[in-house]
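Structure first, then comments.
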Amino acid sequence: MNTEISGVILMYALVILLAIPLGRYIGRVFSNESTWPDRLFNPIDRVFYKMSGVDPTRPMTWKQHLLSLLTINLVWFILGMFVLMNMSWLPLNPDGNPSMGADLAFNTVTSFICNTNLQHYSGETGMSYLGQLILMLFQFISAASGISIASVLFTAMKERTTTQLGNAYFFFVRTCTRILFPIALVTAVLLLLNGTPMTFEGKDTITSVQGDTIQVSRGPVAAFVPVKHLGTNGGGFFGPNSAHPLENPNYMTNIIEMVAQMIIPVALIFALGYILKRRRFARMIYGVMTIGFLILVIPTIVNEVSGNPAISRMGISQPFGNMEGKEVRFGPVASAYWSIATTVISTGSINSMHDSFMPLSGMNQLLGMMVNCFYGGVGVGLMNFYIFIILAVFISGLMVGRTPEFMGKKIEAREMKIAMIIALLHPLFILAGTAIASHLYAGSPEAYAGWLNNPGYHGFSEMLYEFTSSSANNGSGFEGLGDNTPFWNIACGIVMMLARYLPIIGPIAIAGSLAAKKYTPESAGTLKTDTSTFGLMIFAVIAIVAALSFFPALALGPIAEYFSLY
Amino acid sequence: MKENIMPAIRLTLVCLVFFCGIYTLIVLGLAQLTPNKGNGETINLNGKKYYSNIGQKFTEDRYFWSRPSAVDYNAAGAAGSNKGPSNPDYLQTVQQRIDTFLAHNPGVRKADIPSDLVTASGSGLDPHISVQATEIQIKRVAAVRGITESELRQLVEQNVEKPLLGLFGTERINVLQLNLALDHLKRKI
């Protein structure tokens, strides 16, 4: 047991050790300062710019940034739909997997370009190797667009009075070549050395010890898995994601994949501090996020280690806690830790089945996604947090009777309206979606009998989880839900799309509008935003928004299940 | 929109070549330099091939049993059970597994059965069981095979996988490797 605890402490410590220098490096990359691998990457970047016909030095306004982002996402959508709906006859399909129907392809493509990676298919049977490579491409470039749009936010926060916020292609290409590509390559090598396969051959057929003939799915897994984590994407190569013994073969790879999914979200906080030259402000953000993470992760570990009371009543022992849906090589502690890490940072990869976690652990996973900014997904986590900062500045301003100001800019009605709308969209998508699904199911349980894998409160949690995961662009699931139906494919697809683009548009609009305003230097009367008092204020705003919006739904699902079980 | 569309298409194509082409080929090339050439870790024994990380179904009394699997160890369609902790059907399944185990292992106290032996893994392909889950099967396997319990206990001890560096993670036993060693033991005699 103690070695399991020390394992997760090691995972967190490695993240911090790596994220601090990485944050500084990312800060330099976006500020166009020299870094040591320039000699290698400058020529590569020039090829990118030349072949794409873009001028990386032309500055853009916030509207131009958003337009270029939406346009390129549209191109990805068309490319993705074409490949996934035709992969049965396209090359690299040794297992002869079928093409996707329109609704499943819509869901899958949306899911991957929106950095969600919700999967209503299973990799072994539902995706060709070409399809997997296209999804891997989306994992790189959707992460890059999230990170590069966050650097627009950083630029807007830094500039005094301007409408010129850097060039979108400059940020995007540099994210691809200087951040994601080298780290993915190093991670891939580490995974290869630990037995992750990398082959384009199809299924292997072997005879088991007991004499059965079994087929073993393989594929270019070692190229796929690094970016699945680095870009906080989370879409698995195989159906069971990182619980699969070829996708995550041992405890060492579990550490590598865990660290890979957390370093960029954490490093971006430090990059923000570097770019703004406000280290204290970055430390305040890091502190609030870390406290939130710990509040969710510690009870989840305790819950899983304590085991299932219904199984205790059968009279067997549970030395390893609740083991349903978990792998022995990871154990309950590393599984519980992963389940919270992956939900707070919007990765959505799993190393154990969330559907089989204890009720309150499931609630903590849901809360991680409902808050969606304790670290958060690459780039977008900080943008979500930015909305809460704006709200906290406004409320603090009202409390002390001063004009709310943030980084020397006045926050006025326009910014507040946008911030409020964005903060309320997330609960709206989750609760309205779950309400519609519950209404349909309650209306005719026979017609939708294939939906729920578990009865009662837990069945409700399965539907709530699916919409929460979609709206948080997370991608994990209570996978018992029979979700490959037109309703779930289309509803979740629409939610993922709105929940990706609107929370990007909102903060960029606020930041763009603030950047253009007159700068007032800080004085003794300015609200200090880098103190622990203000951190507490942000935490309170997050807690109130989350609690007021989601408590009733949680009471019907995980909380009710808890009381039925204990 | 118009000024963005051509750069968007061209940049997407460049990324396609860079990530699906160059990056993937580099990883594929590096894979050839690793000991298992990118094919996953395999064991080759007496002309037969096994994937050491892919668990197999062991239900015969002469082998150490592996964990239950929601997909019957189908390595071309892996999955967990996704059963919730309060699901009555699920709890009934667990109860049946306990009864089956006790029927095949007379003399084992119910309270000694660890839960990993009666719950399905996340992948349905878990190659491991806990040390405790192995120990309670020693008596049965020894009786069926006609080996002494102490000899078997020694074999189990040799097959324990320690936590990483002795400090991080779980202690466990790879059932496939243990059972292969078991068959090997018999052949020696």
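Chain labels follow the order of the structure tokens: the first chain is A, the next B, and so on; residue numbering restarts at 1 in every chain, and ligands are counted from 1 in their shown order.
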Selection: 12 Å around A:Ala543, only C-alpha atoms, excl. self and same-chain fewer than 3 positions, as a CSV table (one decimal) with C-alpha atoms, in the first residue's frame:
```csv
chain,number,residue,atom,x,y,z
A,288,VAL,CA,-5.9,27.7,-6.4
A,292,GLY,CA,-8.9,22.2,-6.0
A,295,ILE,CA,-9.7,18.3,-2.6
A,367,LEU,CA,-16.9,17.6,-10.4
A,368,GLY,CA,-13.5,17.7,-12.0
A,370,MET,CA,-17.9,20.5,-14.1
A,371,VAL,CA,-15.3,22.9,-12.8
A,372,ASN,CA,-13.1,22.2,-15.8
A,373,CYS,CA,-10.3,24.6,-14.8
A,374,PHE,CA,-8.2,22.9,-12.1
A,388,PHE,CA,-13.6,33.0,-13.1
A,392,ALA,CA,-14.0,37.3,-9.0
A,536,LEU,CA,-9.6,32.4,-2.1
A,537,MET,CA,-12.1,34.8,-3.8
A,538,ILE,CA,-11.6,32.9,-7.1
A,539,PHE,CA,-12.0,29.6,-5.3
A,540,ALA,CA,-15.2,30.8,-3.7
A,546,ALA,CA,-20.4,24.7,-9.4
A,547,ALA,CA,-22.3,23.9,-6.3
A,548,LEU,CA,-25.4,25.9,-7.2
A,549,SER,CA,-25.5,24.6,-10.7
A,550,PHE,CA,-24.8,21.0,-10.2
A,551,PHE,CA,-25.7,19.9,-6.7
```
Report as a PyMOL selection string: the residues of stretch 259-387 of chain A with a DSSP assignment of alpha helix (DSSP H), based on the backbone of this structure.
chain A and resi 259-276+279-306+309-312+331-344+359-371+380-387
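Across the structure, atom CA of A:Arg500 and atom CA of A:Tyr441 are spaced 27.2 Å apart.
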Which of A:Thr520, A:Thr71, A:Thr485, A:Asn474 sits closest to B:Ile5 [using only C-alpha atoms]:
A:Thr71
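When only C-alpha atoms are used to measure the gap to B:Tyr63, the shortest distance among A:Gln210, A:Ser471, A:Asn42, A:Asn248 belongs to A:Gln210.
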Straight-line distance linking atom CA of A:Ile490 with atom CA of A:Ala102, stated in Å to one decimal:
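Computed distance, atom CA of A:Ile490 to atom CA of A:Ala102, equals 9.8 Å.
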If you measure from atom CA of A:Asn97 to atom CA of A:Phe238, what distance in Å do you get, rounded to one decimal?
13.5 Å
Residues of stretch 104-171 of chain B that approach stretch 39-59 of chain B to 7 Å or less, counting only C-alpha atoms: could you list each one with the shortest pair of atoms and its distance in Å to one decimal, rows by chain and increasing residue number, as CSV?
```
residue,atom,partner,partner_atom,distance
B:Leu125,CA,B:Gly55,CA,4.8
B:Asp126,CA,B:Gly55,CA,5.2
B:Pro127,CA,B:Gly55,CA,3.6
```
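The neighbours of A:Pro299 here are the residues that come within 9 Å of it, using only C-alpha atoms and leaving out any residue fewer than 6 positions away in the same chain; they are Leu360, Ser361 and Asn364 of chain A.
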With distances taken over only C-alpha atoms, which of A:Ser148, A:Thr116, A:Ser217, A:Gln139 is nearest to A:Ala184?
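Selected residue with least distance to A:Ala184: A:Gln139.
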When distances are computed from only C-alpha atoms, which of A:Pro558, A:Pro552, A:Gly287, A:Pro486 shows the smallest separation from chain B?
A:Pro558
For A:Ser306, list every protein, DNA or RNA residue within 10 Å, evaluated using only C-alpha atoms, and leave out those in the same chain fewer than 6 positions away; present the list as a PDB file with C-alpha atoms, in the first residue's frame.
```
ATOM      1  CA  THR A 300     -11.264   9.510  -4.244  1.00  0.00           C
ATOM      2  CA  SER A 312     -17.459  -6.758   2.054  1.00  0.00           C
ATOM      3  CA  GLN A 318     -10.607  -6.418  -0.193  1.00  0.00           C
ATOM      4  CA  PRO A 319      -6.912  -5.792   0.488  1.00  0.00           C
ATOM      5  CA  PHE A 320      -6.732  -3.795  -2.761  1.00  0.00           C
ATOM      6  CA  GLY A 321     -10.043  -2.002  -2.404  1.00  0.00           C
ATOM      7  CA  ASN A 322     -12.573  -1.761  -5.190  1.00  0.00           C
ATOM      8  CA  PRO A 332      -6.460   1.276  -6.637  1.00  0.00           C
ATOM      9  CA  MET A 358     -17.554   3.945  -5.968  1.00  0.00           C
TER      10      MET A 358
END
```
Among stretch 134-254 of chain A, which ones does DSSP assign to strand (DSSP E) (computed from the backbone)? Answer as a PDB file with C-alpha atoms, in the first residue's frame.
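As written to disk, states09.pdb reads:
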```pdb
ATOM      1  CA  ASP A 204      -1.909 -11.587 -34.791  1.00  0.00           C
ATOM      2  CA  THR A 205      -3.293 -15.068 -34.206  1.00  0.00           C
ATOM      3  CA  ILE A 206      -1.872 -17.221 -31.427  1.00  0.00           C
ATOM      4  CA  THR A 207      -2.876 -20.297 -29.431  1.00  0.00           C
ATOM      5  CA  THR A 213      -7.158 -19.673 -30.641  1.00  0.00           C
ATOM      6  CA  ILE A 214      -6.969 -15.965 -29.866  1.00  0.00           C
ATOM      7  CA  GLN A 215      -6.507 -12.899 -31.989  1.00  0.00           C
ATOM      8  CA  VAL A 216      -4.461  -9.983 -30.714  1.00  0.00           C
TER       9      VAL A 216
END
```
Extract, using only C-alpha atoms, all DNA, RNA and protein residues at most 8 Å from stretch 334-350 of chain A, discarding same-chain residues fewer than 2 positions from it, and format them as a PyMOL selection string.
(chain A and resi 4-5+7-8+116-118+228-229+231-236+240-243+258+261-262+265+293+296-297+300-301+304+326+330-332+352-354+361+364-366+368-369+371-378+381+472-477) or (chain B and resi 169)
